[in-house]
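Q: The file below is start.pdb, PDB, C-alpha atoms:
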```
ATOM      1  CA  MET R   1      23.538 -17.545  31.277
ATOM      2  CA  ILE R   2      24.450 -15.157  34.129
ATOM      3  CA  HIS R   3      22.586 -15.199  37.432
ATOM      4  CA  ALA R   4      24.099 -13.092  40.219
ATOM      5  CA  ARG R   5      22.702 -12.064  43.593
ATOM      6  CA  GLY R   6      24.287  -9.589  45.989
ATOM      7  CA  LEU R   7      27.591  -9.602  44.103
ATOM      8  CA  SER R   8      29.976  -7.199  45.851
ATOM      9  CA  ARG R   9      33.630  -6.251  45.891
ATOM     10  CA  ARG R  10      35.374  -4.161  48.522
ATOM     11  CA  PHE R  11      38.921  -2.784  48.252
ATOM     12  CA  ARG R  12      40.107  -1.834  51.739
ATOM     13  CA  ASP R  13      37.683   0.954  52.668
ATOM     14  CA  VAL R  14      36.088   1.378  49.198
ATOM     15  CA  ASP R  15      32.986  -0.510  48.019
ATOM     16  CA  ALA R  16      33.696  -0.742  44.295
ATOM     17  CA  VAL R  17      30.671  -2.964  43.562
ATOM     18  CA  ARG R  18      27.709  -3.194  45.907
ATOM     19  CA  GLU R  19      25.107  -5.970  45.973
ATOM     20  CA  LEU R  20      24.547  -6.417  42.242
ATOM     21  CA  ASP R  21      21.666  -8.571  41.017
ATOM     22  CA  ILE R  22      22.159  -9.546  37.369
ATOM     23  CA  ASP R  23      20.154 -11.875  35.128
ATOM     24  CA  ILE R  24      21.181 -12.464  31.507
ATOM     25  CA  THR R  25      19.499 -15.175  29.465
ATOM     26  CA  GLU R  26      21.028 -17.288  26.714
ATOM     27  CA  GLY R  27      21.378 -15.483  23.382
ATOM     28  CA  GLU R  28      21.010 -11.947  24.784
ATOM     29  CA  LEU R  29      23.297  -9.078  23.830
ATOM     30  CA  VAL R  30      23.386  -6.920  26.950
ATOM     31  CA  GLY R  31      25.100  -3.545  27.277
ATOM     32  CA  PHE R  32      26.837  -2.524  30.513
ATOM     33  CA  LEU R  33      26.986   1.265  30.886
ATOM     34  CA  GLY R  34      28.505   3.529  33.497
ATOM     35  CA  PRO R  35      31.040   6.301  34.028
ATOM     36  CA  ASN R  36      34.677   5.556  34.724
ATOM     37  CA  GLY R  37      35.018   4.172  38.232
ATOM     38  CA  ALA R  38      31.399   3.041  38.408
ATOM     39  CA  GLY R  39      32.314  -0.642  38.773
ATOM     40  CA  LYS R  40      31.955  -2.030  35.223
ATOM     41  CA  THR R  41      35.408  -3.558  34.889
ATOM     42  CA  THR R  42      35.423  -4.803  38.500
ATOM     43  CA  THR R  43      32.123  -6.578  37.851
ATOM     44  CA  ILE R  44      33.423  -8.168  34.654
ATOM     45  CA  ARG R  45      36.619  -9.259  36.400
ATOM     46  CA  MET R  46      34.518 -10.986  39.068
ATOM     47  CA  LEU R  47      32.226 -12.690  36.551
ATOM     48  CA  THR R  48      35.249 -13.934  34.575
ATOM     49  CA  THR R  49      36.944 -15.333  37.740
ATOM     50  CA  LEU R  50      39.817 -12.839  37.592
ATOM     51  CA  LEU R  51      38.783 -11.232  40.881
ATOM     52  CA  PRO R  52      37.047 -12.982  43.789
ATOM     53  CA  PRO R  53      33.898 -11.285  45.120
ATOM     54  CA  THR R  54      33.853 -10.285  48.781
ATOM     55  CA  ALA R  55      30.144 -11.071  49.041
ATOM     56  CA  GLY R  56      27.306 -12.538  47.011
ATOM     57  CA  GLU R  57      27.032 -15.445  44.611
ATOM     58  CA  ALA R  58      26.777 -16.013  40.879
ATOM     59  CA  THR R  59      26.260 -18.748  38.315
ATOM     60  CA  VAL R  60      28.014 -18.071  35.006
ATOM     61  CA  ALA R  61      27.415 -20.291  31.961
ATOM     62  CA  GLY R  62      25.965 -22.938  34.256
ATOM     63  CA  CYS R  63      28.885 -23.044  36.717
ATOM     64  CA  ASP R  64      29.121 -21.653  40.223
ATOM     65  CA  LEU R  65      31.537 -18.735  40.324
ATOM     66  CA  ARG R  66      32.990 -19.652  43.721
ATOM     67  CA  THR R  67      33.031 -23.451  43.671
ATOM     68  CA  ASP R  68      33.735 -24.100  39.977
ATOM     69  CA  PRO R  69      35.834 -21.245  38.543
ATOM     70  CA  VAL R  70      37.584 -23.641  36.141
ATOM     71  CA  GLY R  71      34.203 -24.615  34.705
ATOM     72  CA  VAL R  72      33.360 -20.931  34.210
ATOM     73  CA  ARG R  73      36.633 -20.284  32.386
ATOM     74  CA  ARG R  74      36.066 -23.241  30.071
ATOM     75  CA  ARG R  75      32.699 -21.865  28.967
ATOM     76  CA  ILE R  76      33.377 -18.143  28.573
ATOM     77  CA  GLY R  77      35.447 -15.871  26.354
ATOM     78  CA  HIS R  78      36.885 -12.598  27.635
ATOM     79  CA  VAL R  79      38.133  -9.697  25.526
ATOM     80  CA  PRO R  80      39.703  -7.168  27.939
ATOM     81  CA  GLN R  81      39.863  -3.473  27.231
ATOM     82  CA  SER R  82      43.654  -3.467  26.969
ATOM     83  CA  GLY R  83      43.817  -6.414  24.576
ATOM     84  CA  SER R  84      45.709  -9.636  25.134
ATOM     85  CA  ALA R  85      47.823 -10.367  22.047
ATOM     86  CA  GLY R  86      51.615 -10.198  22.269
ATOM     87  CA  ALA R  87      52.985  -7.515  19.954
ATOM     88  CA  ASP R  88      55.987  -9.612  18.932
ATOM     89  CA  ARG R  89      53.907 -12.713  18.104
ATOM     90  CA  GLU R  90      52.389 -13.743  14.787
ATOM     91  CA  VAL R  91      48.605 -13.633  14.428
ATOM     92  CA  GLY R  92      48.121 -17.337  13.729
ATOM     93  CA  ASP R  93      50.490 -18.408  16.510
ATOM     94  CA  GLU R  94      48.507 -16.371  19.034
ATOM     95  CA  ILE R  95      45.188 -17.937  18.046
ATOM     96  CA  ARG R  96      46.557 -21.492  17.936
ATOM     97  CA  MET R  97      48.290 -21.077  21.282
ATOM     98  CA  GLN R  98      45.087 -19.771  22.882
ATOM     99  CA  ALA R  99      43.164 -22.744  21.498
ATOM    100  CA  ARG R 100      45.762 -25.145  22.874
ATOM    101  CA  PHE R 101      45.560 -23.484  26.304
ATOM    102  CA  HIS R 102      41.879 -24.423  26.293
ATOM    103  CA  GLY R 103      42.605 -28.065  25.586
ATOM    104  CA  LEU R 104      42.124 -28.291  21.815
ATOM    105  CA  SER R 105      44.355 -30.748  20.007
ATOM    106  CA  ALA R 106      47.054 -29.385  17.691
ATOM    107  CA  ALA R 107      45.010 -30.359  14.629
ATOM    108  CA  ARG R 108      41.822 -28.834  15.987
ATOM    109  CA  ALA R 109      43.684 -25.665  17.009
ATOM    110  CA  ARG R 110      44.974 -25.267  13.427
ATOM    111  CA  ALA R 111      41.483 -25.789  12.030
ATOM    112  CA  ARG R 112      39.938 -23.391  14.541
ATOM    113  CA  CYS R 113      42.543 -20.754  13.685
ATOM    114  CA  ALA R 114      41.686 -21.015   9.986
ATOM    115  CA  GLU R 115      37.961 -20.729  10.813
ATOM    116  CA  LEU R 116      38.463 -17.600  12.905
ATOM    117  CA  LEU R 117      40.795 -15.897  10.438
ATOM    118  CA  GLY R 118      38.128 -16.284   7.746
ATOM    119  CA  ALA R 119      35.154 -15.398   9.941
ATOM    120  CA  LEU R 120      36.767 -12.277  11.408
ATOM    121  CA  GLY R 121      38.168 -10.770   8.229
ATOM    122  CA  LEU R 122      41.781 -11.663   9.006
ATOM    123  CA  ASP R 123      42.429 -13.846   5.955
ATOM    124  CA  GLY R 124      46.046 -13.736   4.799
ATOM    125  CA  LEU R 125      47.324 -12.367   8.127
ATOM    126  CA  ASP R 126      48.320 -15.685   9.703
ATOM    127  CA  ARG R 127      52.063 -14.883   9.572
ATOM    128  CA  ARG R 128      51.802 -11.153  10.191
ATOM    129  CA  PRO R 129      53.252  -9.790  13.474
ATOM    130  CA  VAL R 130      50.617  -8.418  15.822
ATOM    131  CA  ALA R 131      52.528  -5.127  15.999
ATOM    132  CA  ALA R 132      51.940  -4.629  12.243
ATOM    133  CA  LEU R 133      48.137  -4.835  12.495
ATOM    134  CA  SER R 134      45.829  -1.827  12.263
ATOM    135  CA  GLY R 135      43.693  -0.909  15.276
ATOM    136  CA  GLY R 136      40.623  -2.586  13.814
ATOM    137  CA  GLN R 137      42.560  -5.737  12.885
ATOM    138  CA  ARG R 138      44.084  -5.976  16.338
ATOM    139  CA  ARG R 139      40.659  -5.708  17.969
ATOM    140  CA  ARG R 140      39.374  -8.473  15.687
ATOM    141  CA  LEU R 141      42.340 -10.584  16.762
ATOM    142  CA  ASP R 142      41.451  -9.946  20.414
ATOM    143  CA  ILE R 143      37.944 -11.240  19.689
ATOM    144  CA  ALA R 144      39.384 -14.259  17.869
ATOM    145  CA  LEU R 145      41.400 -15.096  20.987
ATOM    146  CA  GLY R 146      38.239 -14.870  23.066
ATOM    147  CA  LEU R 147      36.447 -17.220  20.649
ATOM    148  CA  ALA R 148      39.244 -19.757  20.187
ATOM    149  CA  HIS R 149      37.501 -22.409  22.308
ATOM    150  CA  THR R 150      33.954 -21.685  21.017
ATOM    151  CA  PRO R 151      32.550 -20.232  24.260
ATOM    152  CA  ARG R 152      28.838 -19.943  25.014
ATOM    153  CA  LEU R 153      29.289 -16.537  26.668
ATOM    154  CA  LEU R 154      31.530 -13.662  25.554
ATOM    155  CA  PHE R 155      32.563 -10.680  27.681
ATOM    156  CA  LEU R 156      33.594  -7.616  25.648
ATOM    157  CA  ASP R 157      35.152  -4.824  27.736
ATOM    158  CA  GLU R 158      35.189  -1.546  25.783
ATOM    159  CA  PRO R 159      35.876  -3.349  22.464
ATOM    160  CA  SER R 160      35.780  -0.270  20.201
ATOM    161  CA  THR R 161      37.872   2.122  22.290
ATOM    162  CA  GLY R 162      40.371   3.921  20.071
ATOM    163  CA  LEU R 163      38.951   2.663  16.768
ATOM    164  CA  ASP R 164      38.201   4.921  13.822
ATOM    165  CA  PRO R 165      34.542   5.164  12.660
ATOM    166  CA  GLN R 166      35.003   2.637   9.846
ATOM    167  CA  SER R 167      36.619   0.087  12.162
ATOM    168  CA  ARG R 168      33.888   0.643  14.752
ATOM    169  CA  ALA R 169      31.178   0.002  12.155
ATOM    170  CA  GLY R 170      32.922  -3.207  11.114
ATOM    171  CA  LEU R 171      33.202  -4.329  14.718
ATOM    172  CA  TRP R 172      29.485  -3.659  15.301
ATOM    173  CA  GLU R 173      28.607  -5.880  12.361
ATOM    174  CA  LEU R 174      30.870  -8.605  13.706
ATOM    175  CA  ILE R 175      29.210  -8.488  17.139
ATOM    176  CA  ARG R 176      25.775  -8.766  15.517
ATOM    177  CA  GLU R 177      26.926 -11.809  13.540
ATOM    178  CA  LEU R 178      28.304 -13.536  16.638
ATOM    179  CA  ARG R 179      24.899 -13.424  18.260
ATOM    180  CA  ALA R 180      22.723 -13.944  15.165
ATOM    181  CA  GLU R 181      24.694 -16.738  13.479
ATOM    182  CA  HIS R 182      26.327 -18.502  16.412
ATOM    183  CA  GLY R 183      23.903 -17.834  19.272
ATOM    184  CA  ILE R 184      26.648 -16.483  21.533
ATOM    185  CA  THR R 185      25.499 -14.542  24.585
ATOM    186  CA  VAL R 186      27.362 -11.223  24.855
ATOM    187  CA  LEU R 187      27.920  -8.844  27.775
ATOM    188  CA  LEU R 188      29.251  -5.630  26.229
ATOM    189  CA  SER R 189      30.806  -2.957  28.416
ATOM    190  CA  THR R 190      30.971   0.348  26.539
ATOM    191  CA  HIS R 191      31.075   4.096  27.059
ATOM    192  CA  TYR R 192      29.796   4.794  23.538
ATOM    193  CA  LEU R 193      26.070   5.386  23.966
ATOM    194  CA  ASP R 194      25.354   5.107  20.240
ATOM    195  CA  GLU R 195      27.030   1.696  20.286
ATOM    196  CA  ALA R 196      24.812   0.510  23.132
ATOM    197  CA  ASP R 197      21.702   1.920  21.462
ATOM    198  CA  VAL R 198      22.371   0.240  18.112
ATOM    199  CA  LEU R 199      23.614  -3.158  19.307
ATOM    200  CA  CYS R 200      22.024  -4.107  22.596
ATOM    201  CA  ASP R 201      18.787  -5.911  23.392
ATOM    202  CA  ARG R 202      18.925  -4.662  26.956
ATOM    203  CA  LEU R 203      21.035  -2.319  29.074
ATOM    204  CA  LEU R 204      22.358  -2.384  32.627
ATOM    205  CA  VAL R 205      23.360   1.041  33.973
ATOM    206  CA  ILE R 206      25.771   1.071  36.904
ATOM    207  CA  ASP R 207      26.792   4.082  38.986
ATOM    208  CA  ASN R 208      28.751   4.183  42.248
ATOM    209  CA  GLY R 209      28.896   0.404  42.297
ATOM    210  CA  ARG R 210      25.140  -0.185  42.043
ATOM    211  CA  ILE R 211      22.792  -1.036  39.177
ATOM    212  CA  VAL R 212      20.591   2.063  38.866
ATOM    213  CA  ALA R 213      18.493   1.016  35.852
ATOM    214  CA  THR R 214      17.841  -1.876  33.503
ATOM    215  CA  GLY R 215      15.701  -2.224  30.391
ATOM    216  CA  THR R 216      15.760  -2.033  26.619
ATOM    217  CA  PRO R 217      17.102   1.209  25.129
ATOM    218  CA  ASP R 218      13.563   2.269  24.223
ATOM    219  CA  GLU R 219      12.207   1.420  27.679
ATOM    220  CA  LEU R 220      14.880   3.503  29.373
ATOM    221  CA  LYS R 221      14.275   6.447  27.055
ATOM    222  CA  GLN R 222      10.536   6.397  27.667
ATOM    223  CA  ARG R 223      10.998   5.968  31.399
ATOM    224  CA  VAL R 224      13.281   8.952  31.741
ATOM    225  CA  SER R 225      11.667  11.721  29.736
ATOM    226  CA  GLY R 226       9.411  10.593  26.911
ATOM    227  CA  ASP R 227       9.390  11.986  23.377
ATOM    228  CA  LEU R 228       9.640  15.700  22.674
ATOM    229  CA  VAL R 229       7.058  17.006  20.172
ATOM    230  CA  LEU R 230       7.529  20.440  18.591
ATOM    231  CA  PHE R 231       5.014  22.143  16.307
ATOM    232  CA  SER R 232       3.903  25.570  15.181
ATOM    233  CA  CYS R 233       0.685  26.838  13.625
ATOM    234  CA  SER R 234      -0.310  29.761  11.495
ATOM    235  CA  ASP R 235      -1.977  31.410  14.523
ATOM    236  CA  PRO R 236      -1.398  31.070  18.306
ATOM    237  CA  GLU R 237      -5.030  30.319  19.136
ATOM    238  CA  THR R 238      -5.001  27.208  16.957
ATOM    239  CA  ALA R 239      -1.858  26.012  18.755
ATOM    240  CA  ALA R 240      -3.424  26.535  22.191
ATOM    241  CA  THR R 241      -6.585  24.699  21.141
ATOM    242  CA  ALA R 242      -4.536  21.823  19.735
ATOM    243  CA  VAL R 243      -2.658  21.285  23.002
ATOM    244  CA  ARG R 244      -5.898  21.274  24.995
ATOM    245  CA  GLY R 245      -7.063  18.416  22.775
ATOM    246  CA  LEU R 246      -4.019  16.288  23.687
ATOM    247  CA  PRO R 247      -4.523  14.912  27.211
ATOM    248  CA  GLN R 248      -1.251  12.959  27.029
ATOM    249  CA  ALA R 249       0.805  16.164  26.605
ATOM    250  CA  ARG R 250       2.867  17.280  29.596
ATOM    251  CA  ASP R 251       5.520  19.920  30.298
ATOM    252  CA  VAL R 252       3.867  22.146  27.681
ATOM    253  CA  ARG R 253       5.803  25.267  26.701
ATOM    254  CA  PHE R 254       4.865  28.070  24.324
ATOM    255  CA  ASP R 255       7.627  30.202  22.825
ATOM    256  CA  ALA R 256       8.430  32.214  19.720
ATOM    257  CA  ASP R 257       9.077  29.058  17.721
ATOM    258  CA  GLY R 258       5.750  27.441  18.571
ATOM    259  CA  VAL R 259       4.757  24.757  21.081
ATOM    260  CA  ARG R 260       6.745  21.940  22.644
ATOM    261  CA  PHE R 261       5.621  19.203  24.987
ATOM    262  CA  ARG R 262       6.622  15.799  26.299
ATOM    263  CA  THR R 263       4.643  12.599  25.785
ATOM    264  CA  ASP R 264       5.230   8.886  26.254
ATOM    265  CA  ARG R 265       4.514   8.082  22.607
ATOM    266  CA  GLY R 266       5.417  10.748  20.078
ATOM    267  CA  ASP R 267       3.965   8.783  17.149
ATOM    268  CA  GLU R 268       0.560   8.583  18.831
ATOM    269  CA  ALA R 269       0.709  12.281  19.717
ATOM    270  CA  LEU R 270       1.359  13.172  16.069
ATOM    271  CA  ALA R 271      -1.685  11.194  14.949
ATOM    272  CA  ALA R 272      -3.836  12.859  17.622
ATOM    273  CA  LEU R 273      -2.507  16.290  16.697
ATOM    274  CA  LEU R 274      -3.427  15.810  13.051
ATOM    275  CA  ARG R 275      -6.959  14.914  14.118
ATOM    276  CA  VAL R 276      -7.461  18.217  15.951
ATOM    277  CA  VAL R 277      -5.560  20.570  13.630
ATOM    278  CA  GLU R 278      -6.019  21.007   9.907
ATOM    279  CA  PRO R 279      -2.705  20.102   8.244
ATOM    280  CA  SER R 280      -2.853  23.332   6.271
ATOM    281  CA  ARG R 281      -2.626  25.306   9.552
ATOM    282  CA  LEU R 282       0.579  23.548  10.662
ATOM    283  CA  THR R 283       3.771  25.335   9.672
ATOM    284  CA  SER R 284       6.158  22.827  11.283
ATOM    285  CA  LEU R 285       5.930  19.496  13.077
ATOM    286  CA  ARG R 286       8.615  17.154  14.387
ATOM    287  CA  VAL R 287       9.353  14.601  17.085
ATOM    288  CA  ARG R 288      12.670  14.121  18.890
ATOM    289  CA  ARG R 289      13.194  10.834  20.655
ATOM    290  CA  PRO R 290      15.116  11.031  23.925
ATOM    291  CA  SER R 291      18.701   9.837  23.626
ATOM    292  CA  LEU R 292      20.632   7.518  25.899
ATOM    293  CA  ASP R 293      22.649  10.562  26.886
ATOM    294  CA  ASP R 294      19.405  12.045  28.290
ATOM    295  CA  VAL R 295      18.871   8.786  30.166
ATOM    296  CA  PHE R 296      22.410   8.789  31.513
ATOM    297  CA  LEU R 297      22.150  12.417  32.622
ATOM    298  CA  GLN R 298      18.987  11.805  34.617
ATOM    299  CA  LEU R 299      20.201   8.563  36.194
ATOM    300  CA  THR R 300      23.727   9.643  37.161
ATOM    301  CA  GLY R 301      23.589  13.446  37.208
ATOM    302  CA  HIS R 302      26.165  13.883  34.437
ATOM    303  CA  ARG R 303      26.555  13.148  30.761
ATOM    304  CA  MET R 304      28.675  10.219  29.648
ATOM    305  CA  GLU R 305      31.198  12.466  27.883
ATOM    306  CA  ALA R 306      31.834  14.385  31.099
ATOM    307  CA  ALA R 307      32.195  11.133  32.999
ATOM    308  CA  ASP R 308      34.782   9.829  30.577
ATOM    309  CA  ALA R 309      36.784  12.990  30.744
ATOM    310  CA  ALA R 310      36.997  12.826  34.525
TER     311      ALA R 310
END
```
The structure given in the file should be rewritten as structure tokens.
A:
Amino acid sequence: MIHARGLSRRFRDVDAVRELDIDITEGELVGFLGPNGAGKTTTIRMLTTLLPPTAGEATVAGCDLRTDPVGVRRRIGHVPQSGSAGADREVGDEIRMQARFHGLSAARARARCAELLGALGLDGLDRRPVAALSGGQRRRLDIALGLAHTPRLLFLDEPSTGLDPQSRAGLWELIRELRAEHGITVLLSTHYLDEADVLCDRLLVIDNGRIVATGTPDELKQRVSGDLVLFSCSDPETAATAVRGLPQARDVRFDADGVRFRTDRGDEALAALLRVVEPSRLTSLRVRRPSLDDVFLQLTGHRMEAADAA
């Protein structure tokens, strides 16, 4: 659905995006992560034909980005971070107008509007001014505008920014439904790591204009640090013996609270630990999976929250 090689964008003396290689297959829901200024929005603007690349090539939804930008625009939907609905317009008018812009007949635009209002939880809001919508409703309207022409590929740029937790949860469910029920391919740019972890099949991490990692959330977590296992026993000697019986344990530390170590598979380590230690001798035992924040810290040198605050 997206195939890019060497995609780059330079602004005067600044390389905002540098030689990106991206492959996204049909039906994937891919997260695009990076700190502010890393190149996420510039990349999306190039892939949606809003900004010409200074180098490289890409095929988007089957059309060449440079030679057939009109074909790209016909096949994609784009929901920008700032939204696109006019505050003084009515909800239904905005959707119908967007559909007409994409070549739908007046009758089909009316039918498509009714479909989207029902599918996106906007029933009864056809005549409501956009300015009167809640934050969650307005974001759903933005997505409706991006879906007006039934695109094969949808770009979502920071879709849940500014939403309350309930609205975010509703938006997550909507994004899942778009992929599961309609087979839409989604590229989701987000700075919420929990959002990326819950929703995405695969992640692309960009920093300083370059892709620095790609993989499923679990693959990236395992690659960066592995699981953390913590346990304590009724006597220190039993704990020391237990660790010696776990060849996969690394970064072993003993402290007043017991023993902690890293391992690629915490579930397998727990099973092995229970084979070498009588359960009655264990006083505590737990596993902590690495978080995407741990991944982000190791890949970029700072946590996402710090990056957003910059």
Q: Ranking R:Asp142, R:Glu90, R:Glu158, R:Asp68 by minimum distance to Glu195 of chain R and counting all atoms listed in the file, which one comes first?
A: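 When distances to Glu195 of chain R are compared using all atoms listed in the file, the smallest one comes from R:Glu158.
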Q: Pull the closest atom pair for each residue of segment 39-115 of chain R that gets at most 8 Å from segment 7-23 of chain R, along with the distance in Å to one decimal, counting only C-alpha atoms, ordering rows by chain and then ascending residue number, as a Markdown table.
A:
```
| residue | atom | partner | partner_atom | distance |
| --- | --- | --- | --- | --- |
| R:Gly39 | CA | R:Val17 | CA | 5.6 |
| R:Thr42 | CA | R:Val17 | CA | 7.2 |
| R:Thr43 | CA | R:Val17 | CA | 6.9 |
| R:Pro52 | CA | R:Arg9 | CA | 7.8 |
| R:Pro53 | CA | R:Arg9 | CA | 5.1 |
| R:Thr54 | CA | R:Arg9 | CA | 5.0 |
| R:Ala55 | CA | R:Ser8 | CA | 5.0 |
| R:Gly56 | CA | R:Leu7 | CA | 4.1 |
| R:Glu57 | CA | R:Leu7 | CA | 5.9 |
| R:Ala58 | CA | R:Leu7 | CA | 7.2 |
```
Q: Write out as a list in words which residues come within 8 Å of segment 255-272 of chain R when counting all atoms listed in the file, dropping same-chain ones fewer than 5 positions away.
A: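 Close residues of segment 255-272 of chain R: Gln222, Ser225, Gly226, Asp227, Leu228, Val229, Leu230, Phe231, Ser232, Cys233, Ala239, Leu246, Gln248, Ala249, Arg250, Val287 and Arg289 of chain R.
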Q: I'd like the residues picked by the PyMOL selection byres ((chain R and resi 86) around 12) written out as a VMD selection string, using the chain letters and numbers from the file.
A: chain R and resid 82 to 85 87 to 95 97 to 98 129 to 133 138 141 to 142 145
Q: From the set R:Arg139, R:Leu274, R:Leu299, R:Gln81, which residue has the shortest atom-to-atom contact distance to Thr190 of chain R, counting only C-alpha atoms?
A: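 The shortest atom-to-atom distance to Thr190 of chain R comes from R:Gln81.
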Q: Which is closer to Gly183 of chain R than all the others in R:Ile2, R:Leu29, R:Val72, R:Val252, using only C-alpha atoms?
A: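 Of R:Ile2, R:Leu29, R:Val72, R:Val252, the one nearest Gly183 of chain R is R:Leu29, counting only C-alpha atoms.
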Q: Which value, in Å to one decimal, gives the distance between atom CA of Lys221 of chain R and atom CA of Val295 of chain R?
A: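 These atoms are spaced 6.0 Å apart.
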Q: Any chance you could work out the residue set of the PyMOL selection byres ((chain R and resi 215) around 9) here, as a list in words?
A: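 Evaluating the PyMOL selection byres ((chain R and resi 215) around 9) on this file yields Asp201, Arg202, Leu203, Leu204, Ala213, Thr214, Thr216, Pro217, Asp218, Glu219 and Leu220 of chain R.
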Q: Could you give me, as JSON lines, a per-residue list for segment 119-203 of chain R showing, wherever an atom lies at most 10 Å from an atom of segment 108-113 of chain R, the closest pair of atoms and their distance in Å to one decimal, using only C-alpha atoms and sorting by chain then residue number from low to high?
A:
```
{"residue": "R:Ala119", "atom": "CA", "partner": "R:Cys113", "partner_atom": "CA", "distance": 9.9}
{"residue": "R:Asp126", "atom": "CA", "partner": "R:Cys113", "partner_atom": "CA", "distance": 8.7}
{"residue": "R:Ala144", "atom": "CA", "partner": "R:Cys113", "partner_atom": "CA", "distance": 8.3}
{"residue": "R:Leu145", "atom": "CA", "partner": "R:Cys113", "partner_atom": "CA", "distance": 9.3}
{"residue": "R:Leu147", "atom": "CA", "partner": "R:Arg112", "partner_atom": "CA", "distance": 9.4}
{"residue": "R:Ala148", "atom": "CA", "partner": "R:Arg112", "partner_atom": "CA", "distance": 6.8}
{"residue": "R:His149", "atom": "CA", "partner": "R:Arg112", "partner_atom": "CA", "distance": 8.2}
{"residue": "R:Thr150", "atom": "CA", "partner": "R:Arg112", "partner_atom": "CA", "distance": 9.0}
```
Q: Please measure the separation of atom CA of Ala99 of chain R and atom CA of Thr161 of chain R, giving the value in Å to one decimal.
A: 25.4 Å
